[in-house]
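K.L.:
To be precise about what I am sending: the file is called query.cif and holds mmCIF, N, CA and C atoms and all ligand atoms.
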data_query
#
loop_
_atom_site.label_atom_id
_atom_site.label_comp_id
_atom_site.auth_asym_id
_atom_site.auth_seq_id
_atom_site.Cartn_x
_atom_site.Cartn_y
_atom_site.Cartn_z
N MET P 1 0.83 -1.20 0.00
CA MET P 1 0.00 0.00 0.00
C MET P 1 0.87 1.25 0.00
N ASP P 2 0.49 2.15 -0.80
CA ASP P 2 1.19 3.43 -0.83
C ASP P 2 0.64 4.36 0.24
N LYS P 3 1.56 4.99 0.91
CA LYS P 3 1.13 6.11 1.74
C LYS P 3 1.69 7.37 1.12
N ASP P 4 0.84 8.01 0.39
CA ASP P 4 1.27 9.20 -0.34
C ASP P 4 0.99 10.43 0.53
N ILE P 5 1.90 10.67 1.43
CA ILE P 5 1.68 11.77 2.38
C ILE P 5 2.05 13.10 1.74
N LYS P 6 1.15 14.02 1.84
CA LYS P 6 1.41 15.38 1.35
C LYS P 6 1.69 16.29 2.53
N TYR P 7 2.49 17.30 2.25
CA TYR P 7 2.77 18.25 3.32
C TYR P 7 2.28 19.63 2.93
N CYS P 8 1.79 20.32 3.91
CA CYS P 8 1.27 21.66 3.70
C CYS P 8 2.34 22.56 3.08
N ASP P 9 1.98 23.24 2.02
CA ASP P 9 2.94 24.11 1.35
C ASP P 9 3.17 25.41 2.11
N HIS P 10 2.43 25.60 3.16
CA HIS P 10 2.67 26.80 3.96
C HIS P 10 3.43 26.48 5.24
N CYS P 11 2.93 25.58 6.05
CA CYS P 11 3.54 25.35 7.36
C CYS P 11 4.31 24.04 7.43
N GLY P 12 4.12 23.15 6.44
CA GLY P 12 4.92 21.93 6.39
C GLY P 12 4.34 20.75 7.16
N LEU P 13 3.21 20.94 7.79
CA LEU P 13 2.57 19.82 8.48
C LEU P 13 1.97 18.85 7.47
N ALA P 14 1.83 17.60 7.89
CA ALA P 14 1.20 16.61 7.03
C ALA P 14 -0.24 16.99 6.76
N VAL P 15 -0.64 16.83 5.52
CA VAL P 15 -2.01 17.17 5.14
C VAL P 15 -2.89 15.94 5.34
N GLU P 16 -3.78 16.03 6.30
CA GLU P 16 -4.65 14.89 6.61
C GLU P 16 -6.03 15.06 6.03
N VAL P 17 -6.37 16.28 5.68
CA VAL P 17 -7.68 16.56 5.11
C VAL P 17 -7.52 17.11 3.71
N GLU P 18 -8.14 16.46 2.75
CA GLU P 18 -8.07 16.95 1.38
C GLU P 18 -9.01 18.14 1.21
N GLY P 19 -8.77 18.90 0.18
CA GLY P 19 -9.73 19.94 -0.15
C GLY P 19 -9.18 21.35 -0.05
N PHE P 20 -8.05 21.51 0.64
CA PHE P 20 -7.46 22.85 0.72
C PHE P 20 -6.36 22.95 -0.32
N GLU P 21 -6.77 23.16 -1.53
CA GLU P 21 -5.82 23.17 -2.63
C GLU P 21 -5.91 24.46 -3.42
N LEU P 22 -4.79 24.84 -4.00
CA LEU P 22 -4.76 26.00 -4.88
C LEU P 22 -4.01 25.62 -6.14
N LYS P 23 -4.52 26.08 -7.26
CA LYS P 23 -3.78 25.91 -8.50
C LYS P 23 -2.95 27.16 -8.73
N THR P 24 -1.66 27.00 -8.89
CA THR P 24 -0.79 28.14 -9.14
C THR P 24 0.00 27.91 -10.42
N LYS P 25 0.73 28.94 -10.81
CA LYS P 25 1.56 28.82 -12.00
C LYS P 25 2.69 27.83 -11.78
N GLN P 26 2.94 27.52 -10.53
CA GLN P 26 3.99 26.55 -10.21
C GLN P 26 3.42 25.21 -9.81
N GLY P 27 2.19 24.96 -10.22
CA GLY P 27 1.59 23.67 -9.94
C GLY P 27 0.59 23.74 -8.79
N ASP P 28 0.04 22.60 -8.45
CA ASP P 28 -0.95 22.56 -7.39
C ASP P 28 -0.29 22.61 -6.03
N LYS P 29 -0.85 23.38 -5.14
CA LYS P 29 -0.36 23.46 -3.78
C LYS P 29 -1.42 22.89 -2.85
N ARG P 30 -0.94 22.24 -1.81
CA ARG P 30 -1.89 21.68 -0.84
C ARG P 30 -1.62 22.25 0.54
N PHE P 31 -2.68 22.38 1.30
CA PHE P 31 -2.56 22.97 2.62
C PHE P 31 -3.31 22.14 3.64
N CYS P 32 -2.87 22.27 4.89
CA CYS P 32 -3.46 21.45 5.95
C CYS P 32 -4.77 22.02 6.45
N CYS P 33 -4.97 23.30 6.19
CA CYS P 33 -6.19 23.92 6.69
C CYS P 33 -6.53 25.17 5.89
N GLU P 34 -7.72 25.67 6.12
CA GLU P 34 -8.18 26.86 5.42
C GLU P 34 -7.28 28.06 5.72
N GLY P 35 -6.79 28.13 6.95
CA GLY P 35 -5.94 29.24 7.35
C GLY P 35 -4.66 29.31 6.54
N CYS P 36 -3.98 28.17 6.40
CA CYS P 36 -2.74 28.13 5.63
C CYS P 36 -3.00 28.49 4.17
N LYS P 37 -4.09 27.99 3.66
CA LYS P 37 -4.45 28.29 2.27
C LYS P 37 -4.67 29.78 2.09
N GLY P 38 -5.38 30.37 3.01
CA GLY P 38 -5.67 31.79 2.94
C GLY P 38 -4.41 32.65 3.00
N ILE P 39 -3.51 32.29 3.91
CA ILE P 39 -2.27 33.04 4.06
C ILE P 39 -1.41 32.90 2.81
N TYR P 40 -1.29 31.69 2.32
CA TYR P 40 -0.51 31.47 1.10
C TYR P 40 -1.09 32.27 -0.07
N GLN P 41 -2.38 32.29 -0.13
CA GLN P 41 -3.08 33.00 -1.19
C GLN P 41 -2.74 34.49 -1.14
N MET P 42 -2.69 35.04 0.08
CA MET P 42 -2.35 36.46 0.22
C MET P 42 -0.90 36.73 -0.14
N LEU P 43 -0.01 35.85 0.31
CA LEU P 43 1.41 36.05 0.11
C LEU P 43 1.82 35.88 -1.35
N HIS P 44 1.08 35.03 -2.05
CA HIS P 44 1.48 34.68 -3.41
C HIS P 44 0.41 35.07 -4.42
N GLU P 45 -0.18 36.19 -4.16
CA GLU P 45 -1.29 36.62 -5.00
C GLU P 45 -0.90 36.69 -6.48
N ALA P 46 0.28 37.22 -6.73
CA ALA P 46 0.73 37.38 -8.11
C ALA P 46 0.85 36.04 -8.83
N LEU P 47 1.25 35.04 -8.04
CA LEU P 47 1.45 33.72 -8.61
C LEU P 47 0.13 33.07 -8.99
N LEU P 48 -0.91 33.51 -8.31
CA LEU P 48 -2.20 32.86 -8.48
C LEU P 48 -3.05 33.52 -9.54
N GLN P 49 -2.65 34.72 -9.92
CA GLN P 49 -3.49 35.46 -10.84
C GLN P 49 -3.58 34.76 -12.19
N GLN P 50 -4.78 34.68 -12.63
CA GLN P 50 -5.03 34.04 -13.92
C GLN P 50 -4.92 35.05 -15.04
N GLY P 51 -4.83 34.59 -16.23
CA GLY P 51 -4.90 35.46 -17.38
C GLY P 51 -3.61 36.21 -17.66
N ALA P 52 -2.50 35.68 -17.17
CA ALA P 52 -1.23 36.29 -17.51
C ALA P 52 -1.00 36.13 -19.01
N ASN P 53 -0.39 37.12 -19.60
CA ASN P 53 -0.27 37.08 -21.05
C ASN P 53 1.03 36.41 -21.51
N ASP P 54 1.25 35.20 -21.01
CA ASP P 54 2.40 34.44 -21.50
C ASP P 54 2.04 33.65 -22.75
N GLU P 55 0.77 33.52 -22.97
CA GLU P 55 0.32 32.94 -24.24
C GLU P 55 -0.11 34.09 -25.14
N SER P 56 -0.21 33.81 -26.38
CA SER P 56 -0.59 34.88 -27.31
C SER P 56 -2.03 35.32 -27.04
N GLU P 57 -2.19 36.58 -26.90
CA GLU P 57 -3.53 37.09 -26.67
C GLU P 57 -4.29 37.24 -27.97
N PRO P 58 -5.55 36.91 -27.94
CA PRO P 58 -6.36 37.17 -29.12
C PRO P 58 -6.57 38.68 -29.28
N THR P 59 -6.18 39.16 -30.37
CA THR P 59 -6.34 40.60 -30.62
C THR P 59 -7.26 40.80 -31.82
N ARG P 60 -8.07 41.81 -31.71
CA ARG P 60 -8.95 42.11 -32.82
C ARG P 60 -8.60 43.48 -33.36
N SER P 61 -8.61 43.59 -34.65
CA SER P 61 -8.32 44.90 -35.24
C SER P 61 -9.43 45.28 -36.19
ZN ZN M 101 -0.50 24.33 7.15
#
Could you write out this structure as structure tokens?
Ligand SMILES: [Zn+2]

P.N.:
Amino acid sequence: MDKDIKYCDHCGLAVEVEGFELKTKQGDKRFCCEGCKGIYQMLHEALLQQGANDESEPTRS
């Protein structure tokens, strides 16, 4: 049996409850609780912002 233990990307504790996840430009992050997720979200707001123009933007002329 695999024990695929994840660790909180904010505080480093083992993640025992699923569901506190964020998708970022650097991949999915997991957190042990809503609090850690919220703090990470504030600290890394730029990383989380969608719609960055690294892909070609549709332009109309
Ligand atoms: Zn945590």

K.L.:
Let me see if you get this right: every residue at most 8 Å from ligand ZN 101 (chain M), counting all atoms listed in the file, written as an MDAnalysis selection string.

P.N.:
chainID P and resid 7:15 30:37

K.L.:
Do you have the atom C of Lys6 of chain P-atom CA of Gln41 of chain P distance handy?

P.N.:
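Rounded to one decimal, the two atoms are 17.8 Å apart.
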
K.L.:
For the atom pair atom CA of Leu47 of chain P and atom CA of Lys23 of chain P, what is the interatomic distance in Å to one decimal place?

P.N.:
9.4 Å

K.L.:
May I ask for the distance between atom CA of Ile5 of chain P and atom CA of Gly38 of chain P, given in Å to one decimal place?

P.N.:
21.3 Å

K.L.:
As a PDB file, keeping the file's coordinate frame, could you write out segment 17-28 of chain P once it has been completed with all heavy atoms?

P.N.:
ATOM      1  N   VAL P  17      -6.370  16.280   5.680  1.00  0.00           N
ATOM      2  CA  VAL P  17      -7.680  16.560   5.110  1.00  0.00           C
ATOM      3  C   VAL P  17      -7.520  17.110   3.710  1.00  0.00           C
ATOM      4  O   VAL P  17      -6.801  18.090   3.508  1.00  0.00           O
ATOM      5  CB  VAL P  17      -8.463  17.569   5.976  1.00  0.00           C
ATOM      6  CG1 VAL P  17      -9.844  17.835   5.383  1.00  0.00           C
ATOM      7  CG2 VAL P  17      -8.573  17.061   7.400  1.00  0.00           C
ATOM      8  N   GLU P  18      -8.140  16.460   2.750  1.00  0.00           N
ATOM      9  CA  GLU P  18      -8.070  16.950   1.380  1.00  0.00           C
ATOM     10  C   GLU P  18      -9.010  18.140   1.210  1.00  0.00           C
ATOM     11  O   GLU P  18      -9.924  18.339   1.976  1.00  0.00           O
ATOM     12  CB  GLU P  18      -8.503  15.839   0.415  1.00  0.00           C
ATOM     13  CG  GLU P  18      -7.673  14.583   0.523  1.00  0.00           C
ATOM     14  CD  GLU P  18      -6.507  14.597  -0.452  1.00  0.00           C
ATOM     15  OE1 GLU P  18      -6.607  15.288  -1.482  1.00  0.00           O
ATOM     16  OE2 GLU P  18      -5.508  13.922  -0.182  1.00  0.00           O
ATOM     17  N   GLY P  19      -8.770  18.900   0.180  1.00  0.00           N
ATOM     18  CA  GLY P  19      -9.730  19.940  -0.150  1.00  0.00           C
ATOM     19  C   GLY P  19      -9.180  21.350  -0.050  1.00  0.00           C
ATOM     20  O   GLY P  19      -9.755  22.264  -0.597  1.00  0.00           O
ATOM     21  N   PHE P  20      -8.050  21.510   0.640  1.00  0.00           N
ATOM     22  CA  PHE P  20      -7.460  22.850   0.720  1.00  0.00           C
ATOM     23  C   PHE P  20      -6.360  22.950  -0.320  1.00  0.00           C
ATOM     24  O   PHE P  20      -5.174  22.806  -0.026  1.00  0.00           O
ATOM     25  CB  PHE P  20      -6.909  23.115   2.124  1.00  0.00           C
ATOM     26  CG  PHE P  20      -7.951  22.955   3.202  1.00  0.00           C
ATOM     27  CD1 PHE P  20      -7.856  21.916   4.113  1.00  0.00           C
ATOM     28  CD2 PHE P  20      -9.021  23.824   3.275  1.00  0.00           C
ATOM     29  CE1 PHE P  20      -8.805  21.756   5.096  1.00  0.00           C
ATOM     30  CE2 PHE P  20      -9.988  23.666   4.260  1.00  0.00           C
ATOM     31  CZ  PHE P  20      -9.880  22.630   5.177  1.00  0.00           C
ATOM     32  N   GLU P  21      -6.770  23.160  -1.530  1.00  0.00           N
ATOM     33  CA  GLU P  21      -5.820  23.170  -2.630  1.00  0.00           C
ATOM     34  C   GLU P  21      -5.910  24.460  -3.420  1.00  0.00           C
ATOM     35  O   GLU P  21      -6.969  25.067  -3.517  1.00  0.00           O
ATOM     36  CB  GLU P  21      -6.069  21.989  -3.560  1.00  0.00           C
ATOM     37  CG  GLU P  21      -5.865  20.661  -2.862  1.00  0.00           C
ATOM     38  CD  GLU P  21      -6.246  19.500  -3.758  1.00  0.00           C
ATOM     39  OE1 GLU P  21      -6.598  19.731  -4.936  1.00  0.00           O
ATOM     40  OE2 GLU P  21      -6.206  18.365  -3.282  1.00  0.00           O
ATOM     41  N   LEU P  22      -4.790  24.840  -4.000  1.00  0.00           N
ATOM     42  CA  LEU P  22      -4.760  26.000  -4.880  1.00  0.00           C
ATOM     43  C   LEU P  22      -4.010  25.620  -6.140  1.00  0.00           C
ATOM     44  O   LEU P  22      -2.990  24.940  -6.086  1.00  0.00           O
ATOM     45  CB  LEU P  22      -4.009  27.157  -4.212  1.00  0.00           C
ATOM     46  CG  LEU P  22      -4.759  28.008  -3.193  1.00  0.00           C
ATOM     47  CD1 LEU P  22      -3.799  29.022  -2.616  1.00  0.00           C
ATOM     48  CD2 LEU P  22      -5.932  28.702  -3.836  1.00  0.00           C
ATOM     49  N   LYS P  23      -4.520  26.080  -7.260  1.00  0.00           N
ATOM     50  CA  LYS P  23      -3.780  25.910  -8.500  1.00  0.00           C
ATOM     51  C   LYS P  23      -2.950  27.160  -8.730  1.00  0.00           C
ATOM     52  O   LYS P  23      -3.481  28.267  -8.757  1.00  0.00           O
ATOM     53  CB  LYS P  23      -4.736  25.688  -9.667  1.00  0.00           C
ATOM     54  CG  LYS P  23      -5.405  24.333  -9.594  1.00  0.00           C
ATOM     55  CD  LYS P  23      -6.112  24.039 -10.888  1.00  0.00           C
ATOM     56  CE  LYS P  23      -6.947  22.763 -10.779  1.00  0.00           C
ATOM     57  NZ  LYS P  23      -6.136  21.604 -10.413  1.00  0.00           N
ATOM     58  N   THR P  24      -1.660  27.000  -8.890  1.00  0.00           N
ATOM     59  CA  THR P  24      -0.790  28.140  -9.140  1.00  0.00           C
ATOM     60  C   THR P  24       0.000  27.910 -10.420  1.00  0.00           C
ATOM     61  O   THR P  24      -0.030  26.823 -10.993  1.00  0.00           O
ATOM     62  CB  THR P  24       0.206  28.355  -7.990  1.00  0.00           C
ATOM     63  OG1 THR P  24       1.272  27.420  -8.116  1.00  0.00           O
ATOM     64  CG2 THR P  24      -0.462  28.189  -6.637  1.00  0.00           C
ATOM     65  N   LYS P  25       0.730  28.940 -10.810  1.00  0.00           N
ATOM     66  CA  LYS P  25       1.560  28.820 -12.000  1.00  0.00           C
ATOM     67  C   LYS P  25       2.690  27.830 -11.780  1.00  0.00           C
ATOM     68  O   LYS P  25       3.354  27.406 -12.711  1.00  0.00           O
ATOM     69  CB  LYS P  25       2.113  30.187 -12.380  1.00  0.00           C
ATOM     70  CG  LYS P  25       1.034  31.146 -12.850  1.00  0.00           C
ATOM     71  CD  LYS P  25       1.612  32.538 -13.040  1.00  0.00           C
ATOM     72  CE  LYS P  25       0.497  33.529 -13.343  1.00  0.00           C
ATOM     73  NZ  LYS P  25       1.017  34.902 -13.353  1.00  0.00           N
ATOM     74  N   GLN P  26       2.940  27.520 -10.530  1.00  0.00           N
ATOM     75  CA  GLN P  26       3.990  26.550 -10.210  1.00  0.00           C
ATOM     76  C   GLN P  26       3.420  25.210  -9.810  1.00  0.00           C
ATOM     77  O   GLN P  26       4.067  24.405  -9.153  1.00  0.00           O
ATOM     78  CB  GLN P  26       4.880  27.096  -9.086  1.00  0.00           C
ATOM     79  CG  GLN P  26       5.661  28.326  -9.529  1.00  0.00           C
ATOM     80  CD  GLN P  26       6.531  28.881  -8.424  1.00  0.00           C
ATOM     81  OE1 GLN P  26       6.403  28.501  -7.267  1.00  0.00           O
ATOM     82  NE2 GLN P  26       7.425  29.781  -8.774  1.00  0.00           N
ATOM     83  N   GLY P  27       2.190  24.960 -10.220  1.00  0.00           N
ATOM     84  CA  GLY P  27       1.590  23.670  -9.940  1.00  0.00           C
ATOM     85  C   GLY P  27       0.590  23.740  -8.790  1.00  0.00           C
ATOM     86  O   GLY P  27       0.342  24.803  -8.229  1.00  0.00           O
ATOM     87  N   ASP P  28       0.040  22.600  -8.450  1.00  0.00           N
ATOM     88  CA  ASP P  28      -0.950  22.560  -7.390  1.00  0.00           C
ATOM     89  C   ASP P  28      -0.290  22.610  -6.030  1.00  0.00           C
ATOM     90  O   ASP P  28       0.712  21.931  -5.795  1.00  0.00           O
ATOM     91  CB  ASP P  28      -1.785  21.278  -7.500  1.00  0.00           C
ATOM     92  CG  ASP P  28      -2.685  21.309  -8.719  1.00  0.00           C
ATOM     93  OD1 ASP P  28      -2.673  22.324  -9.439  1.00  0.00           O
ATOM     94  OD2 ASP P  28      -3.390  20.317  -8.944  1.00  0.00           O
TER      95      ASP P  28
END
